[in-house]
Structures are given as structure tokens and as C-alpha cells.
file final02.cif (mmCIF, C-alpha atoms)
data_work
#
loop_
_atom_site.label_atom_id
_atom_site.label_comp_id
_atom_site.auth_asym_id
_atom_site.auth_seq_id
_atom_site.Cartn_x
_atom_site.Cartn_y
_atom_site.Cartn_z
CA MET O 13 37.23 -33.67 50.33
CA SER O 14 40.05 -33.46 47.81
CA GLU O 15 40.18 -30.44 45.54
CA ARG O 16 39.88 -30.93 41.79
CA VAL O 17 40.62 -27.75 39.85
CA LEU O 18 40.47 -28.10 36.06
CA THR O 19 41.33 -25.99 33.05
CA PHE O 20 38.42 -24.45 31.20
CA GLU O 21 38.64 -27.03 28.41
CA GLU O 22 38.75 -29.92 30.90
CA ALA O 23 35.81 -28.58 32.90
CA LEU O 24 33.67 -27.98 29.84
CA GLY O 25 34.42 -31.50 28.61
CA GLU O 26 33.35 -32.88 31.99
CA VAL O 27 30.07 -30.96 31.95
CA LEU O 28 29.28 -31.94 28.36
CA ALA O 29 29.97 -35.61 29.07
CA HIS O 30 27.68 -35.63 32.11
CA SER O 31 25.05 -33.60 30.28
CA ARG O 32 24.81 -36.09 27.45
CA SER O 33 24.62 -39.07 29.79
CA SER O 34 22.43 -37.58 32.52
CA VAL O 35 19.04 -37.93 30.87
CA LEU O 36 17.38 -41.32 31.16
CA GLU O 37 13.92 -40.30 30.02
CA LEU O 38 12.26 -37.05 29.09
CA ALA O 39 8.56 -36.44 29.52
CA VAL O 40 6.75 -35.34 26.36
CA GLU O 41 3.60 -33.27 26.05
CA THR O 42 1.49 -32.03 23.16
CA VAL O 43 0.92 -28.28 22.76
CA GLU O 44 -0.75 -26.08 20.17
CA LEU O 45 1.60 -25.05 17.39
CA LEU O 46 2.14 -21.42 18.46
CA ALA O 47 2.53 -22.50 22.09
CA GLY O 48 5.51 -24.51 20.88
CA VAL O 49 7.62 -21.41 20.22
CA GLY O 50 10.86 -21.73 22.17
CA ARG O 51 10.13 -25.33 23.16
CA VAL O 52 12.16 -28.38 22.14
CA LEU O 53 10.65 -30.92 19.76
CA GLY O 54 9.98 -34.21 21.51
CA ALA O 55 9.16 -36.11 18.33
CA ALA O 56 10.27 -35.68 14.74
CA VAL O 57 8.06 -33.80 12.29
CA VAL O 58 7.56 -35.70 9.04
CA ALA O 59 6.26 -34.43 5.72
CA ASP O 60 2.62 -35.36 5.15
CA ARG O 61 3.10 -35.12 1.37
CA ASP O 62 5.80 -34.40 -1.18
CA GLN O 63 7.14 -30.84 -0.91
CA PRO O 64 6.44 -29.30 -3.29
CA ALA O 65 3.51 -31.53 -4.18
CA PHE O 66 3.89 -30.60 -7.88
CA ASP O 67 6.52 -29.27 -10.26
CA ARG O 68 6.50 -25.60 -9.21
CA SER O 69 7.45 -22.53 -11.22
CA THR O 70 9.95 -20.23 -9.50
CA ARG O 71 9.47 -17.32 -11.90
CA ASP O 72 6.80 -15.32 -13.66
CA GLY O 73 7.13 -16.26 -17.30
CA PHE O 74 6.05 -18.95 -19.74
CA ALA O 75 6.00 -22.71 -19.32
CA VAL O 76 7.53 -24.27 -22.42
CA ARG O 77 9.40 -27.25 -23.78
CA ALA O 78 13.08 -26.30 -23.67
CA ASP O 79 13.73 -27.76 -27.12
CA ASP O 80 11.17 -25.35 -28.65
CA ILE O 81 12.69 -22.01 -27.68
CA GLY O 82 14.45 -21.50 -31.00
CA SER O 83 11.03 -21.22 -32.71
CA ALA O 84 8.06 -18.90 -32.43
CA LEU O 85 5.59 -20.18 -29.81
CA ARG O 86 1.83 -19.86 -29.55
CA VAL O 87 0.49 -18.97 -26.08
CA VAL O 88 -2.45 -21.29 -25.37
CA GLY O 89 -3.43 -20.21 -21.87
CA ALA O 90 -2.43 -18.75 -18.49
CA LEU O 91 -1.91 -20.30 -15.08
CA ARG O 92 -1.82 -18.61 -11.65
CA ALA O 93 -0.61 -19.92 -8.29
CA GLY O 94 -3.37 -21.97 -6.72
CA GLU O 95 -4.72 -23.15 -10.07
CA ARG O 96 -4.16 -26.39 -11.95
CA TRP O 97 -3.84 -26.76 -15.72
CA SER O 98 -7.00 -28.28 -17.13
CA GLY O 99 -5.99 -28.21 -20.79
CA SER O 100 -4.22 -30.87 -22.75
CA ALA O 101 -0.49 -31.46 -22.52
CA LEU O 102 1.64 -28.84 -24.24
CA ALA O 103 2.33 -29.77 -27.84
CA GLU O 104 5.29 -28.70 -29.92
CA GLY O 105 5.37 -24.92 -30.42
CA GLU O 106 3.02 -24.12 -27.53
CA ALA O 107 3.53 -22.12 -24.34
CA VAL O 108 1.46 -21.30 -21.24
CA GLU O 109 1.82 -18.04 -19.34
CA ILE O 110 2.65 -18.97 -15.73
CA MET O 111 3.05 -17.16 -12.42
CA THR O 112 5.51 -17.84 -9.61
CA GLY O 113 4.31 -20.75 -7.45
CA ALA O 114 1.97 -22.22 -10.06
CA PRO O 115 2.19 -25.91 -11.04
CA LEU O 116 3.83 -26.67 -14.35
CA PRO O 117 1.30 -27.77 -16.99
CA ALA O 118 1.63 -31.26 -18.44
CA GLY O 119 4.09 -31.43 -21.32
CA ALA O 120 6.17 -28.44 -20.17
CA ASP O 121 9.66 -29.05 -18.80
CA SER O 122 10.96 -25.54 -18.01
CA VAL O 123 9.98 -21.89 -17.54
CA VAL O 124 11.42 -18.98 -19.51
CA MET O 125 11.41 -15.71 -17.55
CA ILE O 126 9.04 -13.00 -18.79
CA GLU O 127 11.90 -10.50 -19.21
CA HIS O 128 13.64 -12.90 -21.61
CA VAL O 129 10.84 -13.02 -24.20
CA GLN O 130 9.22 -10.72 -26.77
CA PHE O 131 6.10 -10.85 -28.91
CA GLU O 132 6.09 -10.64 -32.68
CA GLU O 133 2.68 -10.65 -34.34
CA SER O 134 1.11 -12.35 -31.28
CA LEU O 135 3.74 -15.11 -31.29
CA LEU O 136 6.17 -15.55 -28.45
CA ARG O 137 9.90 -15.59 -29.11
CA VAL O 138 12.85 -15.93 -26.71
CA LYS O 139 15.21 -12.98 -27.08
CA ALA O 140 18.36 -13.54 -29.09
CA GLY O 141 21.26 -14.92 -27.10
CA ARG O 142 19.06 -16.48 -24.43
CA SER O 143 19.21 -20.22 -23.75
CA LEU O 144 17.05 -22.50 -21.66
CA ARG O 145 17.78 -25.91 -20.22
CA VAL O 146 15.33 -28.59 -19.16
CA GLY O 147 14.18 -27.96 -15.58
CA GLU O 148 15.26 -24.32 -15.48
CA ASN O 149 13.17 -22.12 -13.14
CA VAL O 150 11.28 -25.16 -11.88
CA VAL O 151 11.40 -26.90 -8.48
CA PRO O 152 10.56 -30.58 -9.13
CA ARG O 153 7.95 -32.37 -7.08
CA GLY O 154 9.47 -33.74 -3.85
CA ALA O 155 12.75 -31.82 -4.26
CA GLU O 156 12.36 -30.23 -0.81
CA ALA O 157 11.01 -33.29 1.01
CA ARG O 158 9.38 -36.62 0.25
CA ALA O 159 6.19 -37.72 1.96
CA GLY O 160 7.07 -39.51 5.19
CA SER O 161 10.59 -38.06 5.41
CA VAL O 162 11.83 -36.25 8.54
CA VAL O 163 11.83 -32.49 8.04
CA LEU O 164 12.51 -31.57 11.69
CA PRO O 165 14.30 -33.99 14.03
CA ALA O 166 13.53 -34.28 17.72
CA GLY O 167 15.76 -32.03 19.79
CA ARG O 168 15.30 -28.89 17.68
CA VAL O 169 14.22 -25.64 19.34
CA MET O 170 11.03 -24.34 17.77
CA GLY O 171 11.58 -20.91 16.25
CA ALA O 172 9.84 -19.17 13.37
CA ALA O 173 11.50 -21.36 10.71
CA GLU O 174 10.54 -24.56 12.53
CA ILE O 175 6.98 -23.36 13.15
CA ALA O 176 6.67 -22.67 9.42
CA VAL O 177 7.85 -26.19 8.59
CA ALA O 178 5.39 -27.77 11.02
CA ALA O 179 2.56 -25.63 9.63
CA SER O 180 3.50 -26.63 6.07
CA CYS O 181 3.02 -30.25 7.16
CA GLY O 182 -0.46 -29.48 8.46
CA LEU O 183 0.35 -29.72 12.16
CA GLY O 184 -1.86 -27.69 14.46
CA SER O 185 -0.03 -29.11 17.47
CA VAL O 186 3.43 -30.52 18.17
CA LYS O 187 5.01 -32.85 20.70
CA VAL O 188 7.60 -31.11 22.86
CA PHE O 189 9.77 -32.11 25.80
CA ALA O 190 8.52 -30.97 29.18
CA ARG O 191 10.45 -28.15 30.81
CA PRO O 192 12.96 -29.06 33.55
CA ARG O 193 12.46 -27.57 37.00
CA VAL O 194 15.49 -25.71 38.32
CA ALA O 195 15.82 -24.80 42.02
CA ILE O 196 17.71 -21.53 42.60
CA VAL O 197 19.28 -20.75 45.97
CA ALA O 198 21.15 -17.54 46.68
CA THR O 199 23.30 -17.71 49.80
CA GLY O 200 24.69 -15.12 52.19
CA ASP O 201 23.84 -13.09 55.29
CA GLU O 202 24.40 -9.91 53.30
CA LEU O 203 21.48 -10.51 50.92
CA VAL O 204 18.22 -8.59 51.16
CA GLU O 205 15.09 -9.26 49.11
CA LEU O 206 13.70 -6.46 46.94
CA ASP O 207 10.75 -5.71 49.20
CA GLU O 208 12.85 -5.52 52.39
CA ALA O 209 14.48 -2.52 54.03
CA MET O 210 18.26 -2.65 53.78
CA GLU O 211 21.30 -1.25 55.54
CA ALA O 212 24.24 0.36 53.75
CA TRP O 213 26.40 -2.75 54.20
CA GLN O 214 23.83 -5.10 52.68
CA ILE O 215 23.16 -5.93 49.00
CA ARG O 216 20.02 -6.85 47.12
CA ASN O 217 19.49 -10.40 45.97
CA SER O 218 19.99 -9.85 42.23
CA ASN O 219 21.60 -13.22 41.47
CA SER O 220 18.46 -15.28 41.90
CA TYR O 221 16.62 -12.99 39.48
CA ALA O 222 19.41 -13.22 36.92
CA LEU O 223 19.55 -17.01 37.24
CA ALA O 224 15.78 -17.36 36.95
CA THR O 225 15.84 -15.22 33.81
CA MET O 226 18.64 -17.26 32.21
CA VAL O 227 16.95 -20.54 33.15
CA GLU O 228 13.71 -19.41 31.50
CA ALA O 229 15.62 -18.23 28.40
CA GLU O 230 17.15 -21.70 28.04
CA GLY O 231 13.77 -23.41 28.33
CA GLY O 232 13.66 -24.37 32.00
CA VAL O 233 11.32 -23.36 34.82
CA GLY O 234 13.24 -21.39 37.45
CA GLU O 235 12.06 -21.66 41.06
CA ARG O 236 13.59 -19.10 43.41
CA LEU O 237 13.86 -20.54 46.90
CA ASP O 238 14.34 -18.46 50.04
CA VAL O 239 17.81 -17.05 50.62
CA ALA O 240 20.06 -19.44 52.52
CA ARG O 241 21.83 -17.64 55.36
CA ASP O 242 25.42 -18.49 56.23
CA THR O 243 24.55 -21.27 58.65
CA LEU O 244 24.74 -25.01 58.23
CA GLU O 245 21.10 -25.35 59.26
CA ASP O 246 19.80 -22.92 56.66
CA LEU O 247 21.92 -24.37 53.86
CA ARG O 248 20.91 -27.93 54.75
CA GLU O 249 17.26 -26.91 54.55
CA ARG O 250 17.64 -25.29 51.12
CA VAL O 251 19.66 -28.19 49.68
CA ALA O 252 17.04 -30.63 50.97
CA GLU O 253 14.35 -28.47 49.37
CA GLY O 254 16.13 -28.22 46.02
CA ARG O 255 17.44 -31.76 45.55
CA SER O 256 14.14 -33.08 44.23
CA SER O 257 14.38 -30.63 41.32
CA ASP O 258 15.88 -31.50 37.97
CA LEU O 259 18.82 -29.17 38.54
CA LEU O 260 20.02 -27.30 41.64
CA LEU O 261 21.83 -23.96 41.38
CA LEU O 262 23.44 -22.30 44.39
CA SER O 263 25.15 -18.91 44.18
CA GLY O 264 27.71 -17.86 46.77
CA GLY O 265 29.35 -19.76 49.59
CA VAL O 266 31.82 -21.73 47.45
CA SER O 267 35.03 -19.79 48.09
CA MET O 268 37.56 -20.28 50.90
CA GLY O 269 36.02 -18.00 53.52
CA LYS O 270 35.03 -18.98 57.06
CA TYR O 271 31.33 -18.88 56.15
CA ASP O 272 31.57 -20.51 52.73
CA LEU O 273 29.72 -23.66 53.74
CA VAL O 274 28.08 -24.86 50.54
CA GLU O 275 30.57 -27.63 49.74
CA GLN O 276 30.41 -28.97 53.29
CA VAL O 277 26.62 -29.19 53.21
CA LEU O 278 26.61 -30.82 49.77
CA LEU O 279 29.18 -33.35 50.95
CA GLU O 280 27.08 -34.18 53.99
CA ALA O 281 24.12 -34.76 51.65
CA GLY O 282 26.08 -37.41 49.71
CA ALA O 283 27.32 -35.26 46.83
CA GLU O 284 29.80 -36.53 44.28
CA PHE O 285 31.98 -33.65 43.05
CA CYS O 286 33.13 -33.66 39.42
CA PHE O 287 35.29 -30.58 39.98
CA THR O 288 35.77 -27.97 42.69
CA GLY O 289 37.20 -25.13 40.65
CA VAL O 290 38.08 -24.04 37.12
CA LEU O 291 41.04 -21.96 35.97
CA ILE O 292 38.95 -19.08 34.65
CA GLN O 293 38.36 -15.45 35.56
CA PRO O 294 35.80 -14.63 36.73
CA GLY O 295 34.31 -17.81 38.17
CA LYS O 296 37.25 -19.85 39.45
CA PRO O 297 35.53 -21.23 42.62
CA ILE O 298 32.66 -22.91 40.69
CA VAL O 299 31.83 -26.47 41.78
CA PHE O 300 29.91 -29.10 39.83
CA GLY O 301 28.58 -32.47 40.84
CA ARG O 302 25.53 -34.55 41.61
CA LEU O 303 23.40 -35.53 44.58
CA PRO O 304 21.33 -38.65 45.17
CA ARG O 305 17.91 -37.53 43.99
CA ALA O 306 15.25 -37.01 46.63
CA LYS O 307 11.93 -38.71 45.97
CA ALA O 308 9.00 -36.36 45.62
CA GLN O 309 6.24 -36.73 48.17
CA ASN O 310 3.62 -37.03 45.47
CA LEU O 311 4.85 -38.08 42.04
CA GLY O 312 1.67 -36.87 40.35
CA ASP O 313 2.07 -33.40 41.83
CA ARG O 314 5.79 -33.55 41.07
CA LYS O 315 5.24 -33.97 37.35
CA GLN O 316 2.42 -31.48 36.94
CA GLY O 317 2.97 -27.77 37.39
CA PRO O 318 1.20 -24.55 36.42
CA GLU O 319 2.75 -24.65 32.94
CA GLY O 320 2.24 -28.36 32.29
CA PRO O 321 4.21 -31.45 33.19
CA PHE O 322 7.83 -31.11 34.23
CA TYR O 323 10.80 -33.15 33.08
CA SER O 324 10.69 -36.58 34.75
CA GLY O 325 14.41 -37.19 34.37
CA SER O 326 16.67 -39.59 36.18
CA ALA O 327 15.33 -40.88 39.48
CA GLU O 328 18.89 -41.46 40.67
CA TRP O 329 20.74 -38.14 40.55
CA THR O 330 20.16 -34.39 40.72
CA TYR O 331 23.05 -32.41 39.25
CA PHE O 332 24.11 -29.20 40.96
CA PHE O 333 26.32 -26.19 40.36
CA GLY O 334 27.79 -24.14 43.17
CA LEU O 335 28.34 -20.77 41.50
CA PRO O 336 30.50 -17.91 42.80
CA GLY O 337 28.43 -15.18 44.43
CA ASN O 338 29.74 -12.20 42.48
CA PRO O 339 27.09 -11.44 39.82
CA VAL O 340 29.35 -11.39 36.75
CA SER O 341 30.99 -14.64 37.88
CA THR O 342 27.57 -16.20 38.32
CA GLN O 343 26.46 -15.22 34.83
CA VAL O 344 29.71 -16.21 33.09
CA CYS O 345 29.60 -19.63 34.75
CA PHE O 346 25.98 -20.06 33.78
CA HIS O 347 26.66 -19.45 30.10
CA LEU O 348 29.75 -21.67 30.10
CA PHE O 349 28.64 -24.63 32.20
CA VAL O 350 25.04 -24.49 33.45
CA ALA O 351 23.45 -23.76 30.07
CA PRO O 352 24.81 -26.95 28.42
CA MET O 353 23.42 -29.13 31.23
CA LEU O 354 20.08 -27.32 31.13
CA ARG O 355 19.84 -27.66 27.35
CA ALA O 356 20.37 -31.41 27.70
CA LEU O 357 17.63 -31.61 30.33
CA CYS O 358 15.37 -29.71 27.91
CA GLY O 359 16.04 -32.37 25.25
CA ARG O 360 18.09 -30.19 22.91
CA SER O 361 20.50 -31.88 20.54
CA GLU O 362 22.94 -28.93 20.41
CA ILE O 363 24.07 -28.07 23.94
CA ALA O 364 27.59 -26.59 23.88
CA PRO O 365 28.29 -22.90 24.71
CA ARG O 366 28.02 -20.59 21.72
CA PHE O 367 31.08 -18.68 20.55
CA VAL O 368 31.68 -16.38 17.61
CA GLU O 369 34.84 -14.71 16.29
CA ALA O 370 35.49 -10.99 16.17
CA ARG O 371 38.43 -8.61 15.81
CA LEU O 372 39.69 -6.79 18.88
CA GLY O 373 38.93 -3.10 18.55
CA GLU O 374 41.77 -2.13 20.84
CA GLU O 375 44.83 -3.64 22.51
CA VAL O 376 44.21 -5.67 25.67
CA LYS O 377 46.83 -6.52 28.26
CA GLY O 378 47.35 -10.24 28.84
CA GLY O 379 49.61 -12.27 31.09
CA ALA O 380 46.95 -14.02 33.18
CA ARG O 381 47.46 -17.62 34.20
CA VAL O 382 43.80 -18.43 33.71
CA THR O 383 41.40 -18.14 30.77
CA ARG O 384 39.56 -14.84 31.09
CA PHE O 385 35.98 -14.10 30.03
CA LEU O 386 35.63 -10.33 30.22
CA PRO O 387 32.42 -8.34 29.63
CA ALA O 388 32.65 -6.93 26.13
CA GLU O 389 30.61 -5.15 23.49
CA MET O 390 30.44 -6.47 19.94
CA ALA O 391 29.56 -4.13 17.12
CA GLY O 392 29.79 -4.24 13.37
CA GLY O 393 28.11 -5.04 10.14
CA TRP O 394 28.95 -6.03 6.60
CA ASP O 395 32.61 -5.09 6.98
CA GLY O 396 33.05 -7.36 9.98
CA VAL O 397 32.55 -7.48 13.72
CA THR O 398 34.78 -5.86 16.32
CA VAL O 399 34.76 -6.38 20.07
CA ARG O 400 35.94 -4.12 22.89
CA VAL O 401 36.32 -4.94 26.57
CA VAL O 402 33.90 -2.95 28.71
CA GLY O 403 35.52 -0.91 31.47
CA TRP O 404 34.58 -2.63 34.73
CA GLN O 405 35.41 -2.74 38.42
CA GLY O 406 35.54 -6.50 38.79
CA SER O 407 33.07 -9.35 38.95
CA GLY O 408 30.63 -7.47 41.18
CA ASP O 409 30.05 -4.74 38.59
CA VAL O 410 26.57 -5.54 37.31
CA ALA O 411 26.22 -2.20 35.49
CA ALA O 412 29.34 -2.82 33.39
CA ASN O 413 28.16 -6.35 32.67
CA ALA O 414 24.87 -4.97 31.36
CA ARG O 415 26.72 -2.58 29.02
CA GLY O 416 28.25 -5.54 27.22
CA ASN O 417 26.57 -8.07 24.96
CA GLY O 418 29.04 -10.93 25.33
CA TYR O 419 32.34 -11.96 26.90
CA VAL O 420 35.66 -11.76 25.07
CA VAL O 421 37.77 -14.88 25.61
CA LEU O 422 41.44 -14.25 26.45
CA PRO O 423 43.48 -17.49 26.70
CA ALA O 424 45.92 -18.02 29.55
CA GLY O 425 49.61 -17.29 29.13
CA VAL O 426 49.39 -14.71 26.34
CA GLU O 427 51.17 -11.48 27.27
CA GLN O 428 49.46 -9.08 24.88
CA PHE O 429 46.39 -9.09 22.63
CA PRO O 430 46.92 -6.49 19.88
CA ALA O 431 44.15 -4.53 18.22
CA GLY O 432 42.88 -6.33 15.12
CA LEU O 433 43.56 -9.79 16.55
CA THR O 434 40.76 -12.30 15.89
CA VAL O 435 39.43 -13.60 19.21
CA ARG O 436 36.52 -15.71 20.39
CA VAL O 437 33.50 -14.13 22.04
CA LEU O 438 31.10 -16.04 24.30
CA LEU O 439 27.51 -15.19 23.41
CA ARG O 440 25.01 -14.65 26.17
#
call {"tool": "encode", "arguments": {"input": "final02.cif", "output": "C-alpha cells"}}
result
Amino acid sequence: MSERVLTFEEALGEVLAHSRSSVLELAVETVELLAGVGRVLGAAVVADRDQPAFDRSTRDGFAVRADDIGSALRVVGALRAGERWSGSALAEGEAVEIMTGAPLPAGADSVVMIEHVQFEESLLRVKAGRSLRVGENVVPRGAEARAGSVVLPAGRVMGAAEIAVAASCGLGSVKVFARPRVAIVATGDELVELDEAMEAWQIRNSNSYALATMVEAEGGVGERLDVARDTLEDLRERVAEGRSSDLLLLSGGVSMGKYDLVEQVLLEAGAEFCFTGVLIQPGKPIVFGRLPRAKAQNLGDRKQGPEGPFYSGSAEWTYFFGLPGNPVSTQVCFHLFVAPMLRALCGRSEIAPRFVEARLGEEVKGGARVTRFLPAEMAGGWDGVTVRVVGWQGSGDVAANARGNGYVVLPAGVEQFPAGLTVRVLLR
């Protein structure tokens, strides 16, 4: 197999291109509105009526005709939110007391704020120097949305704002895309499960827990398979087990060591490799590609799981990532490359990794020939955000990784990054 090592930008472009073209069909299910939190809309939400459904006051004050405010006005009634005006249309020289959210009475065209008026002998006057234009302090009917218009497109993740929109349209349930099933395989003779006794030279299988957590956070269903030992037989069994999933993640076994057998087993299984390494630190040995998809034994069982139907996806390919085994490498590669593919399989419209900008809080030495993504801590507030690299002992340092809340991005070929420099930070 020929090696194909890409720059970070090239590799990300490859993943994004495959992500956007990988989905042939996504299964859709209907869930109760609050059960839709965190799920991806599978069908657009449309307004069931104009929003607002009436000309709505945005202030406590008095509904008037703007042309009348130079004269004394007679208050002919009051109107609260949730009420409708039952009197006749406002005539010249009349005003109606109105509360925020109430519908404008017929004949009125604006609202003067209560703090801008005064009473003289029971007549209302606008204070000297105050003006009022037609439509002021009023949201016109349909200004937010027209009946039948799309207020939430398919592909949006349902958070509090989206739930509020759906509720405002009277929806007690929403259509969402089914969650993709992700097979997770940790590899290595050195790995011990949490409930097993361990020797001093062994390590606990933390990667599969981290991957399952990140998969769930992105909207997928993570399935931790048994650890694959460093034998061809064990790896073949796990790959065969995982290739009927919607996405296959393997951690470890992708470097150049004698027992790094993942690529060989994938190749035997008919894999097509998109790349076999990326010029980043940590995470350089990552591999990405696709396998001919295995047919499930029972399609009905395949689509239905304990949390509802799974993504039905392409019947032709299962995409895979071979991730480096060091925990920080695994997590960096997930955020950079796996998350975009998983978001696409979830039906999301926005899939790219998320970066923000911050100022370096201290000088950082450069000179690397690869793009570095170092554990870092962002902090700040109104005055701006700063970021500092967390002291760490390399890509196996899970404690240092947990002390950070993102990864500072240091481009290749730059000798020094001075304090105060604006840099990108990968969010996690």
C-alpha cells in the first residue's frame, strides 16, 4: 500500500468532501419536543401562523396616532397582553393605555413610551422635545415570520432556542434524523479493562471511553467493542464486527511498529485509504478511508435499537478512522476529523471543526515542521480572551489534557509565537 501523508488543510478538505458526499439517505423518526434536545432536525419547521399574529406593542405606554402627539390626548381605555381591543377604532385625539406584548388597537399606528408622557388635567401630553414616528415601538404582524415560511431548516441541532421556535409553532413533536451507530475498537496487548486486575506495565483502556463520550456528544450512538489484541486474528474479528456500523473507529496500531497491524487488516478487508497520515502533532499517524459495507444479518434489527431507529446510511461503504493510540492524539484527531464525518452522518448542515481566536498569554517556541494542536486553557471576559499552553508530558498525558479546554493551533514553520499574538484555538 502506498503512503499518502497530507498537510492538515489537505486532510481536512478530504474529510469534508467525503463527509458531504457519504450520506445517501438518512432515516427520520418523530420524537416528543423535549426529547428532541440535542437531536438534528430531519424536516423543516414552518410557522403555523404569522409571527407575531398581530401588531404587537414592544413597550408599556400609550397606543396613539403619531400625527396626534403635538396635541392633548384623551385616554379612552387600557389594554393588557392577552387581551384584544373591543372598542371602536381610535379617533383623532384619542389614546389607549397599552402594555408590552398587547395587540395594537385599531386606528393606532405607534406607541409612545410611558416615561415620555405627562398628564395635565386628565389629558395626556407627550413631553416637550419628544417625537414619534409611525410604527415606533410596534412589531408589525408577520415581521418575524409569515405563515407557512420556514423558521428552522432541516439539519439544525435542537437547542433551547430551536425548541422555543418549535413550541411557538405549536409543535408537540418534531421529526429528527436517527442517530448513527459508531463502532469503537481500542487495540493493544497493553490494554486492561476497568474491572480487570492489572500489572505495572499495563494501562487502562481509557480511549474507548473517551471516544464513546465524544461520539455521544456529537449525536451518535457509541458501541464499545472488545479490545483487539495485537494479532491479525483479533483485529480481523473486530473489523468484521464493526464494518456493519455507520462509522468505525479504531485507536492504536496505526504507527510503524512491528505490531501495528491495523492498516494491514483494513487492506485485507478491501479498504480504500484516503490518507495514511497527516502533518500534525499530535496525531500524525491517523488513517482515513472506507470499507465495503457489511450487510446486517437482520435489517429490521439493524435499524432498531434501544434508543430508536439508527441511521440507515449508504449500503455501499462504511467509513473508518484509524486513530493514534496515545489519548491526546486520539482526542485531537477526533475533534479535527472524526467529528465532521459524524456530524454529516447525523444530518447536520454545519460540520466543520470549530475554531475561535484568542491572544497568546505567553510566548511559545515554534519551529515545528508540522501544524501543532497543543492542549491549552482559554480564559477571559469582556476585555478579550487569552490562551496559554498547558504544561504536558506529551500525547499520553491525559491529566494535562483535562486541565485544558481547547487546543491552541501553531502553524508549521513559524519560529516563535510572541505573547499577545492572535492565534486560533480548536474547541472541544
call {"tool": "resolve_selection", "arguments": {"input": "final02.cif", "expression": "the PyMOL selection byres ((chain O and resi 273) around 10)", "output": "list in words"}}
result
Thr199, Asp242, Thr243, Leu244, Leu247, Arg248, Gly264, Gly265, Val266, Ser267, Met268, Gly269, Lys270, Tyr271, Asp272, Val274, Glu275, Gln276, Val277 and Leu278 of chain O
call {"tool": "residues_around", "arguments": {"input": "final02.cif", "residues": "Phe20 (chain O)", "least_positions_apart": "4", "cutoff": "12 Å", "atoms": "all atoms listed in the file", "output": "PyMOL selection string"}}
result
chain O and resi 24-27+287+289-296+298+345+348-349+381-385+421-424
call {"tool": "atom_distance", "arguments": {"input": "final02.cif", "atom1": "CA of Gly184 (chain O)", "atom2": "CA of Leu164 (chain O)"}}
result
15.1 Å
call {"tool": "resolve_selection", "arguments": {"input": "final02.cif", "expression": "the PyMOL selection byres ((chain O and resi 119) around 7)", "output": "mmCIF file with C-alpha atoms, in the coordinates of the input"}}
result
data_model
loop_
_atom_site.group_PDB
_atom_site.id
_atom_site.type_symbol
_atom_site.label_atom_id
_atom_site.label_comp_id
_atom_site.auth_asym_id
_atom_site.auth_seq_id
_atom_site.Cartn_x
_atom_site.Cartn_y
_atom_site.Cartn_z
ATOM 1 C CA ALA O 101 -0.490 -31.460 -22.520
ATOM 2 C CA LEU O 102 1.640 -28.840 -24.240
ATOM 3 C CA ALA O 103 2.330 -29.770 -27.840
ATOM 4 C CA PRO O 117 1.300 -27.770 -16.990
ATOM 5 C CA ALA O 118 1.630 -31.260 -18.440
ATOM 6 C CA ALA O 120 6.170 -28.440 -20.170
ATOM 7 C CA ASP O 121 9.660 -29.050 -18.800
#
call {"tool": "atom_distance", "arguments": {"input": "final02.cif", "atom1": "CA of Leu260 (chain O)", "atom2": "CA of Val197 (chain O)"}}
result
7.9 Å
call {"tool": "residues_around", "arguments": {"input": "final02.cif", "residues": "Gly73 (chain O)", "least_positions_apart": "4", "cutoff": "6 Å", "atoms": "all atoms listed in the file", "output": "MDAnalysis selection string"}}
result
chainID O and resid 109:110 124:126
call {"tool": "resolve_selection", "arguments": {"input": "final02.cif", "expression": "the PyMOL selection byres ((chain O and resi 77-92) around 7)", "output": "list in words"}}
result
Val76, Ala93, Gly94, Glu95, Trp97, Glu104, Gly105, Glu106, Ala107, Val108, Glu109, Ile110, Met111, Ala114, Ala120, Asp121, Ser122, Leu135, Leu136, Arg137, Val138, Leu144, Arg145 and Val146 of chain O
call {"tool": "atom_distance", "arguments": {"input": "final02.cif", "atom1": "CA of Leu206 (chain O)", "atom2": "CA of Gly254 (chain O)"}}
result
21.9 Å
